[in-house]
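Have a look at final.json below; it lists JSON, C-alpha atoms and all ligand atoms.
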[["chain", "number", "residue", "atom", "x", "y", "z"],
["A", 1208, "MET", "CA", 54.04, -63.69, 16.21],
["A", 1209, "ALA", "CA", 57.76, -64.20, 16.02],
["A", 1210, "ASP", "CA", 57.64, -62.24, 12.76],
["A", 1211, "GLU", "CA", 58.94, -58.82, 13.72],
["A", 1212, "ALA", "CA", 57.67, -57.31, 10.47],
["A", 1213, "GLN", "CA", 54.10, -57.68, 11.71],
["A", 1214, "ARG", "CA", 54.78, -55.77, 14.85],
["A", 1215, "THR", "CA", 54.47, -52.06, 15.50],
["A", 1216, "ALA", "CA", 57.36, -50.08, 14.02],
["A", 1217, "GLY", "CA", 59.06, -47.25, 15.89],
["A", 1218, "GLY", "CA", 57.10, -44.03, 16.26],
["A", 1219, "SER", "CA", 58.27, -40.43, 16.25],
["A", 1220, "ILE", "CA", 58.47, -38.35, 19.45],
["A", 1221, "ASP", "CA", 58.19, -34.58, 19.28],
["A", 1222, "PHE", "CA", 58.80, -32.38, 22.29],
["A", 1223, "ARG", "CA", 57.35, -28.99, 21.44],
["A", 1224, "ASN", "CA", 58.36, -26.17, 23.77],
["A", 1225, "VAL", "CA", 57.83, -28.42, 26.78],
["A", 1226, "VAL", "CA", 57.91, -26.69, 30.17],
["A", 1227, "LYS", "CA", 57.43, -28.32, 33.55],
["A", 1228, "VAL", "CA", 57.18, -26.32, 36.75],
["A", 1229, "PHE", "CA", 56.75, -28.01, 40.11],
["A", 1230, "GLU", "CA", 54.87, -25.78, 42.52],
["A", 1231, "GLY", "CA", 55.63, -26.70, 46.09],
["A", 1232, "ARG", "CA", 57.27, -25.00, 49.03],
["A", 1233, "GLU", "CA", 59.68, -23.86, 46.39],
["A", 1234, "ARG", "CA", 58.85, -23.26, 42.73],
["A", 1235, "ILE", "CA", 61.06, -25.46, 40.60],
["A", 1236, "VAL", "CA", 61.36, -25.08, 36.85],
["A", 1237, "ALA", "CA", 62.44, -28.61, 36.00],
["A", 1238, "VAL", "CA", 62.13, -28.45, 32.21],
["A", 1239, "ASP", "CA", 62.32, -25.18, 30.34],
["A", 1240, "ASP", "CA", 61.24, -24.93, 26.72],
["A", 1241, "VAL", "CA", 62.52, -28.25, 25.45],
["A", 1242, "SER", "CA", 61.97, -28.89, 21.76],
["A", 1243, "LEU", "CA", 63.33, -32.10, 20.34],
["A", 1244, "ARG", "CA", 62.36, -34.51, 17.60],
["A", 1245, "VAL", "CA", 63.19, -38.18, 17.76],
["A", 1246, "GLU", "CA", 62.76, -39.87, 14.38],
["A", 1247, "PRO", "CA", 61.00, -43.24, 14.06],
["A", 1248, "GLY", "CA", 63.43, -46.03, 14.81],
["A", 1249, "ALA", "CA", 66.12, -43.73, 16.22],
["A", 1250, "PHE", "CA", 68.08, -44.30, 19.41],
["A", 1251, "VAL", "CA", 68.54, -41.07, 21.34],
["A", 1252, "SER", "CA", 70.38, -40.77, 24.66],
["A", 1253, "VAL", "CA", 69.83, -37.84, 27.01],
["A", 1254, "ILE", "CA", 72.63, -36.83, 29.32],
["A", 1255, "GLY", "CA", 73.00, -33.95, 31.79],
["A", 1256, "PRO", "CA", 73.69, -33.08, 35.42],
["A", 1257, "SER", "CA", 71.69, -34.65, 38.22],
["A", 1258, "GLY", "CA", 68.42, -32.79, 38.73],
["A", 1259, "CYS", "CA", 68.39, -31.16, 35.29],
["A", 1260, "GLY", "CA", 64.99, -32.58, 34.37],
["A", 1261, "LYS", "CA", 65.84, -35.72, 32.37],
["A", 1262, "SER", "CA", 63.42, -38.01, 34.20],
["A", 1263, "THR", "CA", 60.79, -35.28, 34.19],
["A", 1264, "ALA", "CA", 61.04, -34.98, 30.39],
["A", 1265, "LEU", "CA", 60.85, -38.76, 29.98],
["A", 1266, "ASN", "CA", 57.88, -38.99, 32.34],
["A", 1267, "ILE", "CA", 56.06, -36.35, 30.30],
["A", 1268, "ALA", "CA", 56.64, -38.40, 27.15],
["A", 1269, "ALA", "CA", 55.38, -41.46, 29.02],
["A", 1270, "GLY", "CA", 52.25, -39.54, 30.01],
["A", 1271, "LEU", "CA", 52.99, -40.03, 33.72],
["A", 1272, "LEU", "CA", 53.37, -36.26, 34.20],
["A", 1273, "SER", "CA", 51.56, -33.51, 32.34],
["A", 1274, "PRO", "CA", 53.55, -30.55, 31.06],
["A", 1275, "THR", "CA", 52.95, -27.04, 32.42],
["A", 1276, "GLY", "CA", 53.45, -25.72, 28.89],
["A", 1277, "GLY", "CA", 53.99, -27.12, 25.42],
["A", 1278, "GLU", "CA", 53.27, -30.68, 24.43],
["A", 1279, "VAL", "CA", 54.74, -34.01, 23.43],
["A", 1280, "LEU", "CA", 53.47, -35.64, 20.25],
["A", 1281, "LEU", "CA", 53.72, -39.34, 19.58],
["A", 1282, "ASN", "CA", 53.40, -40.07, 15.87],
["A", 1283, "GLY", "CA", 51.91, -36.59, 15.57],
["A", 1284, "ARG", "CA", 49.26, -37.08, 18.25],
["A", 1285, "PRO", "CA", 49.44, -35.30, 21.61],
["A", 1286, "VAL", "CA", 50.31, -37.47, 24.62],
["A", 1287, "LEU", "CA", 47.50, -37.08, 27.12],
["A", 1288, "GLY", "CA", 48.31, -39.93, 29.52],
["A", 1289, "PRO", "CA", 50.03, -43.30, 29.72],
["A", 1290, "GLY", "CA", 49.35, -45.67, 26.84],
["A", 1291, "ALA", "CA", 50.36, -49.03, 25.40],
["A", 1292, "ASP", "CA", 52.14, -47.23, 22.55],
["A", 1293, "ARG", "CA", 54.89, -46.30, 25.00],
["A", 1294, "GLY", "CA", 56.80, -48.56, 27.36],
["A", 1295, "MET", "CA", 59.04, -47.35, 30.16],
["A", 1296, "VAL", "CA", 61.86, -49.07, 32.00],
["A", 1297, "PHE", "CA", 62.96, -47.48, 35.27],
["A", 1298, "GLN", "CA", 66.25, -47.57, 37.14],
["A", 1299, "GLN", "CA", 64.68, -49.70, 39.84],
["A", 1300, "TYR", "CA", 63.13, -52.79, 38.31],
["A", 1301, "ALA", "CA", 59.40, -52.24, 38.43],
["A", 1302, "ASN", "CA", 58.19, -55.84, 38.25],
["A", 1303, "LEU", "CA", 55.26, -57.12, 40.29],
["A", 1304, "PRO", "CA", 56.88, -59.14, 43.09],
["A", 1305, "TRP", "CA", 53.89, -61.46, 43.58],
["A", 1306, "LYS", "CA", 53.87, -62.56, 39.95],
["A", 1307, "THR", "CA", 56.27, -64.95, 38.23],
["A", 1308, "VAL", "CA", 58.47, -63.90, 35.32],
["A", 1309, "ILE", "CA", 55.98, -65.11, 32.71],
["A", 1310, "GLU", "CA", 53.01, -63.57, 34.55],
["A", 1311, "ASN", "CA", 54.83, -60.24, 34.67],
["A", 1312, "VAL", "CA", 55.65, -60.34, 30.97],
["A", 1313, "GLU", "CA", 52.16, -61.39, 29.84],
["A", 1314, "LEU", "CA", 50.41, -58.81, 32.00],
["A", 1315, "GLY", "CA", 50.26, -56.11, 29.31],
["A", 1316, "PRO", "CA", 48.78, -58.41, 26.65],
["A", 1317, "LYS", "CA", 46.39, -59.80, 29.30],
["A", 1318, "ILE", "CA", 45.13, -56.31, 30.13],
["A", 1319, "ARG", "CA", 44.61, -55.71, 26.42],
["A", 1320, "GLY", "CA", 42.48, -58.85, 26.23],
["A", 1321, "VAL", "CA", 44.88, -61.06, 24.26],
["A", 1322, "PRO", "CA", 43.71, -64.70, 24.65],
["A", 1323, "ARG", "CA", 45.64, -66.85, 27.08],
["A", 1324, "ARG", "CA", 47.44, -69.09, 24.58],
["A", 1325, "GLU", "CA", 48.55, -66.21, 22.41],
["A", 1326, "ARG", "CA", 49.77, -64.06, 25.27],
["A", 1327, "ARG", "CA", 51.76, -66.99, 26.66],
["A", 1328, "GLU", "CA", 53.40, -67.32, 23.26],
["A", 1329, "ILE", "CA", 54.16, -63.59, 23.16],
["A", 1330, "ALA", "CA", 55.60, -63.69, 26.68],
["A", 1331, "GLN", "CA", 57.70, -66.75, 25.89],
["A", 1332, "HIS", "CA", 59.08, -65.07, 22.76],
["A", 1333, "PHE", "CA", 60.31, -62.01, 24.61],
["A", 1334, "ILE", "CA", 61.55, -63.94, 27.63],
["A", 1335, "ALA", "CA", 63.73, -65.87, 25.19],
["A", 1336, "MET", "CA", 64.79, -62.63, 23.47],
["A", 1337, "VAL", "CA", 66.12, -61.19, 26.73],
["A", 1338, "GLY", "CA", 67.88, -64.46, 27.54],
["A", 1339, "LEU", "CA", 65.64, -65.65, 30.36],
["A", 1340, "GLY", "CA", 64.37, -68.91, 28.82],
["A", 1341, "GLY", "CA", 63.94, -71.42, 31.65],
["A", 1342, "PHE", "CA", 63.20, -68.79, 34.28],
["A", 1343, "GLU", "CA", 59.50, -68.33, 33.44],
["A", 1344, "GLY", "CA", 58.28, -69.72, 36.77],
["A", 1345, "ARG", "CA", 60.64, -67.75, 39.01],
["A", 1346, "TYR", "CA", 59.61, -64.80, 41.14],
["A", 1347, "PRO", "CA", 61.48, -61.47, 40.75],
["A", 1348, "ARG", "CA", 63.05, -61.86, 44.23],
["A", 1349, "GLU", "CA", 64.70, -65.07, 43.05],
["A", 1350, "LEU", "CA", 66.53, -63.23, 40.26],
["A", 1351, "SER", "CA", 69.65, -61.05, 40.14],
["A", 1352, "GLY", "CA", 69.35, -57.32, 39.40],
["A", 1353, "GLY", "CA", 70.39, -57.83, 35.79],
["A", 1354, "MET", "CA", 67.82, -60.58, 35.32],
["A", 1355, "GLN", "CA", 65.09, -58.45, 36.88],
["A", 1356, "GLN", "CA", 65.91, -55.65, 34.48],
["A", 1357, "ARG", "CA", 65.67, -58.15, 31.62],
["A", 1358, "VAL", "CA", 62.17, -59.04, 32.83],
["A", 1359, "ALA", "CA", 61.27, -55.33, 32.82],
["A", 1360, "ILE", "CA", 62.53, -55.03, 29.22],
["A", 1361, "ALA", "CA", 60.60, -58.15, 28.15],
["A", 1362, "ARG", "CA", 57.45, -56.72, 29.77],
["A", 1363, "VAL", "CA", 57.80, -53.56, 27.73],
["A", 1364, "LEU", "CA", 58.48, -55.49, 24.49],
["A", 1365, "ALA", "CA", 55.46, -57.75, 25.05],
["A", 1366, "ASN", "CA", 53.27, -54.66, 24.84],
["A", 1367, "ASP", "CA", 54.65, -53.95, 21.37],
["A", 1368, "PRO", "CA", 54.99, -50.19, 21.94],
["A", 1369, "ALA", "CA", 56.07, -47.79, 19.19],
["A", 1370, "VAL", "CA", 58.41, -46.08, 21.62],
["A", 1371, "ILE", "CA", 60.56, -47.35, 24.49],
["A", 1372, "LEU", "CA", 61.64, -44.97, 27.24],
["A", 1373, "LEU", "CA", 64.62, -46.04, 29.35],
["A", 1374, "ASP", "CA", 65.41, -44.06, 32.50],
["A", 1375, "GLU", "CA", 68.89, -45.08, 33.64],
["A", 1376, "PRO", "CA", 67.93, -48.72, 33.13],
["A", 1377, "PHE", "CA", 71.40, -50.05, 33.91],
["A", 1378, "GLY", "CA", 72.22, -47.70, 36.78],
["A", 1379, "ALA", "CA", 71.76, -50.27, 39.51],
["A", 1380, "LEU", "CA", 73.80, -52.97, 37.79],
["A", 1381, "ASP", "CA", 77.43, -54.01, 38.05],
["A", 1382, "ALA", "CA", 79.71, -52.98, 35.18],
["A", 1383, "GLN", "CA", 79.88, -56.39, 33.48],
["A", 1384, "THR", "CA", 76.13, -57.00, 33.56],
["A", 1385, "ARG", "CA", 75.58, -53.46, 32.34],
["A", 1386, "GLU", "CA", 77.81, -54.03, 29.33],
["A", 1387, "ILE", "CA", 76.05, -57.27, 28.39],
["A", 1388, "LEU", "CA", 72.60, -55.70, 28.76],
["A", 1389, "GLN", "CA", 73.66, -52.72, 26.64],
["A", 1390, "GLU", "CA", 74.62, -55.11, 23.85],
["A", 1391, "GLU", "CA", 71.32, -56.93, 24.24],
["A", 1392, "VAL", "CA", 69.34, -53.70, 24.07],
["A", 1393, "ILE", "CA", 71.10, -52.80, 20.83],
["A", 1394, "ALA", "CA", 70.38, -56.26, 19.39],
["A", 1395, "ILE", "CA", 66.71, -55.93, 20.38],
["A", 1396, "TRP", "CA", 66.54, -52.40, 18.97],
["A", 1397, "SER", "CA", 67.99, -53.58, 15.64],
["A", 1398, "ALA", "CA", 65.57, -56.51, 15.50],
["A", 1399, "THR", "CA", 62.42, -54.62, 16.53],
["A", 1400, "LYS", "CA", 63.06, -51.19, 14.93],
["A", 1401, "LYS", "CA", 61.54, -49.47, 17.96],
["A", 1402, "THR", "CA", 62.26, -45.84, 18.76],
["A", 1403, "ILE", "CA", 64.27, -45.59, 21.96],
["A", 1404, "MET", "CA", 64.78, -42.57, 24.17],
["A", 1405, "HIS", "CA", 67.25, -43.31, 26.90],
["A", 1406, "VAL", "CA", 68.51, -41.33, 29.89],
["A", 1407, "THR", "CA", 71.93, -41.97, 31.35],
["A", 1408, "HIS", "CA", 74.76, -40.41, 33.33],
["A", 1409, "SER", "CA", 77.34, -42.41, 31.44],
["A", 1410, "ILE", "CA", 78.97, -40.85, 28.37],
["A", 1411, "GLU", "CA", 80.43, -44.25, 27.52],
["A", 1412, "GLU", "CA", 76.96, -45.80, 27.57],
["A", 1413, "ALA", "CA", 75.46, -43.03, 25.45],
["A", 1414, "LEU", "CA", 78.24, -43.41, 22.87],
["A", 1415, "PHE", "CA", 77.83, -47.16, 22.78],
["A", 1416, "LEU", "CA", 74.08, -46.96, 22.17],
["A", 1417, "ALA", "CA", 72.91, -43.75, 20.58],
["A", 1418, "ASP", "CA", 72.50, -42.24, 17.11],
["A", 1419, "ARG", "CA", 72.32, -38.84, 18.76],
["A", 1420, "VAL", "CA", 73.20, -37.63, 22.25],
["A", 1421, "VAL", "CA", 71.16, -34.78, 23.69],
["A", 1422, "VAL", "CA", 73.14, -32.83, 26.28],
["A", 1423, "MET", "CA", 70.90, -30.92, 28.69],
["A", 1424, "THR", "CA", 71.79, -27.82, 30.66],
["A", 1425, "ALA", "CA", 71.78, -27.61, 34.44],
["A", 1426, "ARG", "CA", 68.31, -26.90, 35.88],
["A", 1427, "PRO", "CA", 66.17, -25.48, 34.40],
["A", 1428, "GLY", "CA", 66.73, -28.22, 31.85],
["A", 1429, "ARG", "CA", 67.05, -27.07, 28.26],
["A", 1430, "VAL", "CA", 68.64, -28.72, 25.27],
["A", 1431, "LYS", "CA", 72.24, -27.51, 25.30],
["A", 1432, "GLU", "CA", 73.49, -29.40, 22.28],
["A", 1433, "VAL", "CA", 72.60, -32.41, 20.15],
["A", 1434, "VAL", "CA", 75.64, -34.43, 19.13],
["A", 1435, "GLU", "CA", 75.43, -36.80, 16.16],
["A", 1436, "ILE", "CA", 77.21, -40.06, 16.95],
["A", 1437, "ASP", "CA", 78.70, -40.96, 13.60],
["A", 1438, "LEU", "CA", 80.38, -44.15, 14.80],
["A", 1439, "PRO", "CA", 80.02, -47.45, 12.95],
["A", 1440, "ARG", "CA", 78.03, -50.24, 14.58],
["A", 1441, "PRO", "CA", 78.61, -52.54, 16.36],
["A", 1442, "ARG", "CA", 80.61, -50.33, 18.67],
["A", 1443, "TYR", "CA", 82.27, -52.93, 20.82],
["A", 1444, "GLY", "CA", 86.05, -52.84, 20.48],
["A", 1445, "LEU", "CA", 86.33, -50.02, 17.93],
["A", 1446, "SER", "CA", 89.77, -49.55, 16.38],
["A", 1447, "GLY", "CA", 91.66, -47.22, 14.04],
["A", 1448, "GLU", "CA", 89.77, -44.15, 12.76],
["A", 1449, "ALA", "CA", 86.57, -45.13, 14.57],
["A", 1450, "ARG", "CA", 88.47, -45.37, 17.84],
["A", 1451, "LEU", "CA", 89.92, -41.88, 17.35],
["A", 1452, "ARG", "CA", 86.46, -40.51, 16.58],
["A", 1453, "TYR", "CA", 85.14, -42.24, 19.71],
["A", 1454, "VAL", "CA", 87.74, -40.49, 21.84],
["A", 1455, "GLU", "CA", 86.94, -37.16, 20.17],
["A", 1456, "LEU", "CA", 83.20, -37.53, 20.81],
["A", 1457, "THR", "CA", 83.86, -38.58, 24.41],
["A", 1458, "ASP", "CA", 85.91, -35.44, 25.00],
["A", 1459, "GLN", "CA", 83.32, -33.22, 23.31],
["A", 1460, "ILE", "CA", 80.42, -34.56, 25.38],
["A", 1461, "ARG", "CA", 82.46, -34.68, 28.59],
["A", 1462, "HIS", "CA", 83.31, -31.02, 28.12],
["A", 1463, "LEU", "CA", 79.67, -30.06, 27.48],
["A", 1464, "VAL", "CA", 78.40, -31.97, 30.52],
["A", 1465, "ARG", "CA", 81.21, -30.69, 32.72],
["A", 1466, "GLU", "CA", 80.30, -27.06, 31.99],
["A", 1467, "GLU", "CA", 76.79, -27.76, 33.23],
["A", 1468, "VAL", "CA", 77.84, -29.75, 36.28],
["A", 1469, "LEU", "CA", 80.18, -26.91, 37.28],
["A", 1470, "LYS", "CA", 77.28, -24.48, 36.95],
["A", 1471, "THR", "CA", 75.24, -26.59, 39.36],
["A", 1472, "LEU", "CA", 78.13, -26.81, 41.80],
["A", 1473, "ARG", "CA", 78.75, -23.08, 41.74],
["A", 1474, "ARG", "CA", 75.09, -22.33, 42.28],
["A", 1475, "GLU", "CA", 74.20, -24.94, 44.88],
["A", 1476, "VAL", "CA", 77.30, -26.25, 46.59],
["A", 1477, "ALA", "CA", 79.42, -23.11, 46.90],
["A", 1478, "PRO", "CA", 76.77, -21.05, 48.78],
["A", 1479, "ALA", "CA", 76.12, -23.99, 51.14],
["A", 1480, "ARG", "CA", 79.84, -24.26, 51.89],
["A", 1481, "ALA", "CA", 80.13, -20.51, 52.43],
["A", 1482, "ALA", "CA", 77.34, -20.72, 54.99],
["A", 1483, "LEU", "CA", 79.22, -23.33, 57.10],
["B", 1501, "LIG", "N1", 57.29, -34.59, 41.75],
["B", 1501, "LIG", "C1", 58.12, -33.56, 41.95],
["B", 1501, "LIG", "N2", 57.80, -32.54, 42.76],
["B", 1501, "LIG", "C2", 58.63, -31.49, 42.94],
["B", 1501, "LIG", "N3", 59.83, -31.38, 42.37],
["B", 1501, "LIG", "C3", 60.23, -32.37, 41.56],
["B", 1501, "LIG", "C4", 59.39, -33.52, 41.31],
["B", 1501, "LIG", "N4", 60.04, -34.36, 40.45],
["B", 1501, "LIG", "C5", 61.22, -33.75, 40.19],
["B", 1501, "LIG", "N5", 61.33, -32.58, 40.84],
["B", 1501, "LIG", "C6", 62.45, -31.63, 40.75],
["B", 1501, "LIG", "O1", 62.65, -31.31, 39.39],
["B", 1501, "LIG", "C7", 64.03, -31.27, 39.08],
["B", 1501, "LIG", "C8", 64.34, -32.25, 37.97],
["B", 1501, "LIG", "O2", 64.19, -33.56, 38.46],
["B", 1501, "LIG", "P1", 64.46, -34.86, 37.58],
["B", 1501, "LIG", "O3", 64.15, -36.03, 38.42],
["B", 1501, "LIG", "O4", 63.75, -34.73, 36.29],
["B", 1501, "LIG", "O5", 66.03, -34.73, 37.33],
["B", 1501, "LIG", "P2", 67.02, -35.75, 36.61],
["B", 1501, "LIG", "O6", 67.71, -35.00, 35.54],
["B", 1501, "LIG", "O7", 66.29, -36.99, 36.22],
["B", 1501, "LIG", "O8", 68.07, -36.06, 37.76],
["B", 1501, "LIG", "P3", 68.89, -37.41, 38.07],
["B", 1501, "LIG", "O9", 69.98, -37.44, 37.05],
["B", 1501, "LIG", "O10", 69.44, -37.21, 39.42],
["B", 1501, "LIG", "O11", 67.95, -38.58, 37.96],
["B", 1501, "LIG", "C9", 64.77, -31.55, 40.38],
["B", 1501, "LIG", "O12", 65.13, -30.32, 40.95],
["B", 1501, "LIG", "C10", 63.74, -32.25, 41.24],
["B", 1501, "LIG", "O13", 63.97, -31.98, 42.59],
["B", 1502, "MG", "MG", 66.42, -38.98, 36.80]]

Structure re-expressed in structure tokens:
Amino acid sequence: MADEAQRTAGGSIDFRNVVKVFEGRERIVAVDDVSLRVEPGAFVSVIGPSGCGKSTALNIAAGLLSPTGGEVLLNGRPVLGPGADRGMVFQQYANLPWKTVIENVELGPKIRGVPRRERREIAQHFIAMVGLGGFEGRYPRELSGGMQQRVAIARVLANDPAVILLDEPFGALDAQTREILQEEVIAIWSATKKTIMHVTHSIEEALFLADRVVVMTARPGRVKEVVEIDLPRPRYGLSGEARLRYVELTDQIRHLVREEVLKTLRREVAPARAAL
């Protein structure tokens, strides 16, 4: 069980001309013709202005939303709904408050019919991996935000998905906890070889984590540019050439995102101000 080689390796994710339109009082094109391939075992971060369709795209990959057009393929097979091959971590820790840490983590294996002893072992393994050994019997309310997010990550890992989807998983955390969890996620990613698609507002976070950063346009969300992050790992405390490259990449991505944020402001904020 502790042998990672026996576990599911990372899968590929293919967005093929994905479109999502929300029909309500107002028709909103949230995602517009997004095509993107994430290679098995890659770490991709998606960044873009608020409301540009990042969560929508991730939710389509998770199978929680169906696309209006196009499709998402997981390992070449169309995503038709949620499945154990994908695990999602949300900004707000989505643990079951009436279950203890270990009960939360073993829930996935339990649903899949894994025998009690084995699923306890699996849960224990991942609780230890996220640094929560000793907290198995606690309830989520008895834990800090960072610890609750660790439980959410352990829950996802216990399901042994091919793909992990992270929607601003560190957004609600303080800066120090965020940094530590980022390092842990990278350690887990290296150990498990999972494919990770991650949404963030933080350029620093994207540069710390990702192989590639996908910059999205303002709504309707399209892929504006894909930036290869050719920085050595680990990326904590880079110096010399690598540090210079880090600064260069930061500026490049900041500029790309800023163009899109300004577009949103011009379109939505300026008319509202003019109407005052
Ligand atoms: N269920 C829904 N019904 C109607 N409109 C929606 C729904 N979900 C999202 N939207 C709209 O689609 C657009 C994209 O939303 P989405 O949540 O994907 O943005 P986002 O990039 O994740 O933003 P943020 O960075 O603020 O989390 C927004 O305009 C939002 O209002
Ligand atoms: Mg979002």

If you take all atoms listed in the file and a cut-off of 7 Å, which residues of chain A touch ligand LIG 1501 (chain B), and what are their nearest atom pairs and distances in Å to one decimal, in chain and number order, as JSON lines?
{"residue": "A:Phe1229", "atom": "CA", "partner": "B:LIG1501", "partner_atom": "C2", "distance": 4.9}
{"residue": "A:Glu1230", "atom": "CA", "partner": "B:LIG1501", "partner_atom": "C2", "distance": 6.8}
{"residue": "A:Gly1231", "atom": "CA", "partner": "B:LIG1501", "partner_atom": "C2", "distance": 6.5}
{"residue": "A:Ile1235", "atom": "CA", "partner": "B:LIG1501", "partner_atom": "O1", "distance": 6.2}
{"residue": "A:Val1236", "atom": "CA", "partner": "B:LIG1501", "partner_atom": "O1", "distance": 6.9}
{"residue": "A:Ala1237", "atom": "CA", "partner": "B:LIG1501", "partner_atom": "O1", "distance": 4.3}
{"residue": "A:Gly1255", "atom": "CA", "partner": "B:LIG1501", "partner_atom": "O6", "distance": 6.6}
{"residue": "A:Pro1256", "atom": "CA", "partner": "B:LIG1501", "partner_atom": "O9", "distance": 6.0}
{"residue": "A:Ser1257", "atom": "CA", "partner": "B:LIG1501", "partner_atom": "O9", "distance": 3.5}
{"residue": "A:Gly1258", "atom": "CA", "partner": "B:LIG1501", "partner_atom": "O5", "distance": 3.4}
{"residue": "A:Cys1259", "atom": "CA", "partner": "B:LIG1501", "partner_atom": "O6", "distance": 3.9}
{"residue": "A:Gly1260", "atom": "CA", "partner": "B:LIG1501", "partner_atom": "O4", "distance": 3.1}
{"residue": "A:Lys1261", "atom": "CA", "partner": "B:LIG1501", "partner_atom": "O6", "distance": 3.8}
{"residue": "A:Ser1262", "atom": "CA", "partner": "B:LIG1501", "partner_atom": "O7", "distance": 3.7}
{"residue": "A:Thr1263", "atom": "CA", "partner": "B:LIG1501", "partner_atom": "O4", "distance": 3.7}
{"residue": "A:Ala1264", "atom": "CA", "partner": "B:LIG1501", "partner_atom": "O4", "distance": 6.5}
{"residue": "A:His1408", "atom": "CA", "partner": "B:LIG1501", "partner_atom": "O9", "distance": 6.7}
{"residue": "A:Arg1426", "atom": "CA", "partner": "B:LIG1501", "partner_atom": "O12", "distance": 6.9}

Check: Between A:His1405, A:Arg1480, A:Arg1324, A:Arg1440, which has the minimum distance to ligand MG 1502 (chain B) (counting only C-alpha atoms and all ligand atoms)?
Finding: A:His1405

Check: Excluding same-chain residues fewer than 2 positions from Asp1374 (chain A), what lies within 10 Å of it counting all atoms listed in the file, as a list of chain:residue names?
Finding: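 What passes the distance filter is A:Ser1252, A:Val1253, A:Lys1261, A:Ser1262, A:Leu1265, A:Asn1266, A:Met1295, A:Val1296, A:Phe1297, A:Gln1298, A:Gln1299, A:Ile1371, A:Leu1372, A:Pro1376, A:Phe1377, A:Gly1378, A:Met1404, A:His1405, A:Val1406, A:Thr1407.
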
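Here CA of Trp1305 (chain A) and CA of Pro1347 (chain A) stand 8.1 Å from one another.
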
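Here the question is which of A:Leu1350, A:Ile1436, A:Leu1314, A:Leu1451 gets nearest to Ile1410 (chain A) using only C-alpha atoms, and that residue is A:Ile1436.
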
Item checked: One-decimal distance in Å that lies between CA of Glu1375 (chain A) and CA of Asn1302 (chain A) ->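 Between CA of Asn1302 (chain A) and CA of Glu1375 (chain A) the gap is 15.9 Å.
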
Margin query: Which polymer residues, whether protein, DNA or RNA, lie within 12 Å of the coordinate (57.3, -67.5, 22.9) when you count all atoms listed in the file? List them as a VMD selection string, using the chain letters and numbers from the file.
Written below: chain A and resid 1208 to 1210 1309 1312 to 1313 1324 to 1341 1343 1361 1365

Listed atoms of region 1360-1369 of chain A boxed along x, y and z, 3 Å each side, centre and edge lengths in Å, one decimal, as AutoDock Vina command-line options:
--center_x 57.9 --center_y -53.0 --center_z 24.5 --size_x 15.3 --size_y 16.4 --size_z 16.6

Item checked: Given all atoms listed in the file as the counted atoms, nearest of A:Gly1294, A:Pro1368, A:Gly1428, A:Pro1316 to ligand MG 1502 (chain B) ->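 Closest to ligand MG 1502 (chain B), using all atoms listed in the file: A:Gly1428.
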
Margin query: Measuring between all atoms listed in the file, which one of A:Ile1254, A:Leu1456, A:Ala1269, A:Val1358 shows the shortest distance to ligand MG 1502 (chain B)?
Written below: A:Ile1254

Next item on the list: Tell me, in Å to one decimal, how far CA of Lys1401 (chain A) is from CA of Val1422 (chain A).
Entry: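 For CA of Lys1401 (chain A) relative to CA of Val1422 (chain A), the distance reads 21.9 Å.
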
Next item on the list: Find, counting only C-alpha atoms, the residue in A:Leu1380, A:Val1241, A:Ile1220, A:Val1228 that gets nearest to Arg1429 (chain A).
Entry: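 Closest candidate: A:Val1241.
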
Next item on the list: Considering all atoms listed in the file, state which residue in the set A:Arg1319, A:Ala1268, A:Phe1415, A:Leu1303 is at the smallest distance from Pro1439 (chain A).
Entry: A:Phe1415

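Residues in contact with Val1226 (chain A) at up to 8 Å, not including ones fewer than 6 positions away on its chain and judged by all atoms listed in the file, are A:Val1236, A:Ala1237, A:Val1238, A:Asp1239, A:Asp1240, A:Val1241, A:Pro1274, A:Thr1275, A:Gly1276, A:Gly1277.
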
Take the residues from that selection and write them out as an mmCIF file, in the frame of the given file, keeping C-alpha atoms.
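Wrote part_25.cif, looks like this:
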data_model
loop_
_atom_site.group_PDB
_atom_site.id
_atom_site.type_symbol
_atom_site.label_atom_id
_atom_site.label_comp_id
_atom_site.auth_asym_id
_atom_site.auth_seq_id
_atom_site.Cartn_x
_atom_site.Cartn_y
_atom_site.Cartn_z
ATOM 1 C CA VAL A 1236 61.360 -25.080 36.850
ATOM 2 C CA ALA A 1237 62.440 -28.610 36.000
ATOM 3 C CA VAL A 1238 62.130 -28.450 32.210
ATOM 4 C CA ASP A 1239 62.320 -25.180 30.340
ATOM 5 C CA ASP A 1240 61.240 -24.930 26.720
ATOM 6 C CA VAL A 1241 62.520 -28.250 25.450
ATOM 7 C CA PRO A 1274 53.550 -30.550 31.060
ATOM 8 C CA THR A 1275 52.950 -27.040 32.420
ATOM 9 C CA GLY A 1276 53.450 -25.720 28.890
ATOM 10 C CA GLY A 1277 53.990 -27.120 25.420
#
